[in-house]
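Here's the structure, in structure tokens; my notes come after.
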Amino acid sequence: MRVTIIGAGVVGAAIAYELSLVSGLQTTLLDAAPQPGQGATGAALGVLMGAISRKTKGRAWRLRQRSLERFETLIPELELLTGQTLGVNRQGIVLLQGPEADLEPWRRLQALRQSQGYRLDLWDQFTLEHHCPQVVLDKGGSAIYSPQDCQISPTLLTQALITAAQRQGVDCRFGVACQPLDPSAITTSGLTLMTSQGPLETDLVIVTAGLASSALTPQALSLQPVIGQALEVRVAHPLGRDDFQPVLSYQDVHIVPLTQNRYWVGATVEFPAEEAASLPTAAQWLEQVWQTAVSFCPALETAEILRQWSGQRPRPLGESAPVIRPLPGYAGVLLATGHYRNGVLLAPATALEVRDWVLSQGNPGLEGPSGGFIQDASEVGG
Ligand SMILES: Cc1cc2nc3c(=O)[nH]c(=O)nc-3n(C[C@H](O)[C@H](O)[C@H](O)COP(=O)(O)OP(=O)(O)OC[C@H]3O[C@@H](n4cnc5c(N)ncnc54)[C@H](O)[C@@H]3O)c2cc1C
């Protein structure tokens with residue numbers, strides 16, 4: 001069976017790799033850009049808010065749980081296949097709470113997560129100061145610590161997924177743009193995709209083109225761009241303790257440790273303007289995030305700003321993120337897009353969902369592990 005994936009961001013790359021493990025498939029991965037991972041993925045911070053997410057049931061939690069489990073095997077698999085280390089930060093996520101925070105819901109979450117096999121620690125002010133002396137919260141505070149959640153470079157992850165997929169026989173083509181799908185291109189022998197390099201015959205299509213997915217599937221999907229801006233900075237000394245460099249998060253602002261005293265700080269969550277005049281400018285948005293970061297980590301004040309960037313998160317309108325469903329009116333086309341703030345986190349689970357769907361498409365020659373195909377609610381993340 002021929003499967004074509006449109007879009008090589010982290011989601012398309014994860015799908016390509018997962019499908020490369022199914023024997024009997026001929027998988028092609030296309031991207032309009034000359035290199036993969038240049039869309040939202042290239043802007044992401046890679047903070048994987050899994051166990052610490054407040055999603056507790058239904059599809060939203062099942063997808064997170066599926067990703068958490070798959071990441072455990074995926075990272076060593078990719079490191080082995082590519083011979084490269086992915087530099088995952090396994091020191092966990094520290095979610096700071098202001099002095100007025102109600103910790104009761106967190107205690108309930110802690111108990112639930114414990115029953116699910118995940119640890120969450122509730123830190124009082126003293127414990128927080130001990131582990132993260134760089135944090136200063138006005139009038140004190142506390143924190144939720146999630147040691148099993150981690151952070152990964154989205155770009156390195158995407159590249160590794162693609163390298164591994166290629167090694168396992170996936171045909172990856174970059175600089176090849178697909179045109180919008182056309183229902184008249186479906187025949188009994190498959191579907192013809194029109195691309196910038198001519199027509200491509202395929203049996204199944206997976207649309208993972210991020211924000212561009214709605215233009216490829218007119219009227220079937222509505223995605224809103226939600227801008228995120230972030231900064232990379234360098235400080236003279238590591239923030240806090242040398243031996244403990246977790247991701248810090250407060251009021252939706254993350255401080256992500258990198259190597260050599262560098263940190264990412266972000267990201268803004270900028271919804272499109274209903275009235276242009278009523279919104280802050282891009283510079284004001286970024287300044288707000290920076291001021292929040294400095295307010296809880298004053299040592300950042302003297303940081304050298306190395307670069308700043310922005311990206312657009314694909315947020316579905318009228319349905320929950322992410323969108324993983326067949327495209328109505330097209331046999332053999334699946335949407336796997338609209339991951340909004342959690343595309344890196346949810347890429348492995350999405351890939352497994354897609355694999356299950358591909359296996360359910362009824363080709364007796366296909367072999368691979370199967371599971372349930374799930375649909376429904378979501379959202380908070382990067
Ligand atoms: C600032 C910022 C911070 C974020 N932080 C996090 C975080 O910490 N954790 C997290 O989990 N998520 C985070 N996200 C969200 C995450 O980046 C997205 O959910 C995710 O990258 C979406 O991946 P994707 O593969 O669906 O889309 P994209 O990465 O946008 O990839 C789509 C690809 O499709 C290609 N394409 C488009 N049109 C065509 C066409 N016609 N033909 C062929 N190819 C095409 C594009 O070139 C692109 O490579 C963040 C996002 C931003 C902007």
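Lettering and numbering for the structure tokens are positional, with chains as A, B, ... in the shown order, residues counted from 1 in each chain, and ligands counted from 1 in the shown order.
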>> Could you list the protein, DNA and RNA residues that have any atom within 7 Å of ligand 1, counting only C-alpha atoms and all ligand atoms, and write them as number ranges by chain?
In response: A: 6-12, 30-33, 36-48, 176-179, 208-213, 216, 227-230, 266-268, 310-314, 337-346, 381-382
>> Residues within 7 Å of region 160-164 of chain A, please, as a VMD selection string. Count only C-alpha atoms; anything in the same chain fewer than 2 positions from it doesn't count.
In response: chain A and resid 13 to 14 17 78 81 to 82 156 to 158 166 to 168
Generate a file of the selected residues that holds C-alpha atoms, formatted as a tab-separated table (two decimals), in the first residue's frame.
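Full text of result.tsv as output:
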chain	number	residue	atom	x	y	z
A	13	ALA	CA	8.17	13.11	10.73
A	14	ALA	CA	6.84	11.07	13.67
A	17	TYR	CA	8.98	6.94	11.31
A	78	LEU	CA	16.16	6.99	17.52
A	81	LEU	CA	19.28	4.18	14.75
A	82	THR	CA	20.86	7.58	14.08
A	156	LEU	CA	16.76	17.54	16.62
A	157	LEU	CA	13.81	15.25	17.24
A	158	THR	CA	12.35	15.95	13.79
A	166	GLN	CA	14.82	7.23	5.63
A	167	ARG	CA	17.08	4.45	6.86
A	168	GLN	CA	14.01	2.24	7.09
> Nearest to Glu353 (chain A) among A:Leu120, A:Leu239, A:Leu335, A:Leu181, with distances taken over only C-alpha atoms: which residue is it?
Replying inline: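 For Glu353 (chain A), the nearest of the given residues is A:Leu335.
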> Contacts of Ser184 (chain A) at 12 Å or less, counting only C-alpha atoms, minus same-chain residues fewer than 2 places along, as a list in words?
Replying inline: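 My list of contacting residues is Pro180, Leu181, Asp182, Ile186, Thr187, Thr188, Gly190, Leu191, Thr192, Leu193, Met194, Gly329, Tyr330 and Ala331 of chain A.
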>> Residues of region 117-285 of chain A classed as alpha helix (DSSP H) by DSSP on the backbone are to be reported as a PyMOL selection string.
In response: chain A and resi 125-131+154-167+213-216+282-285
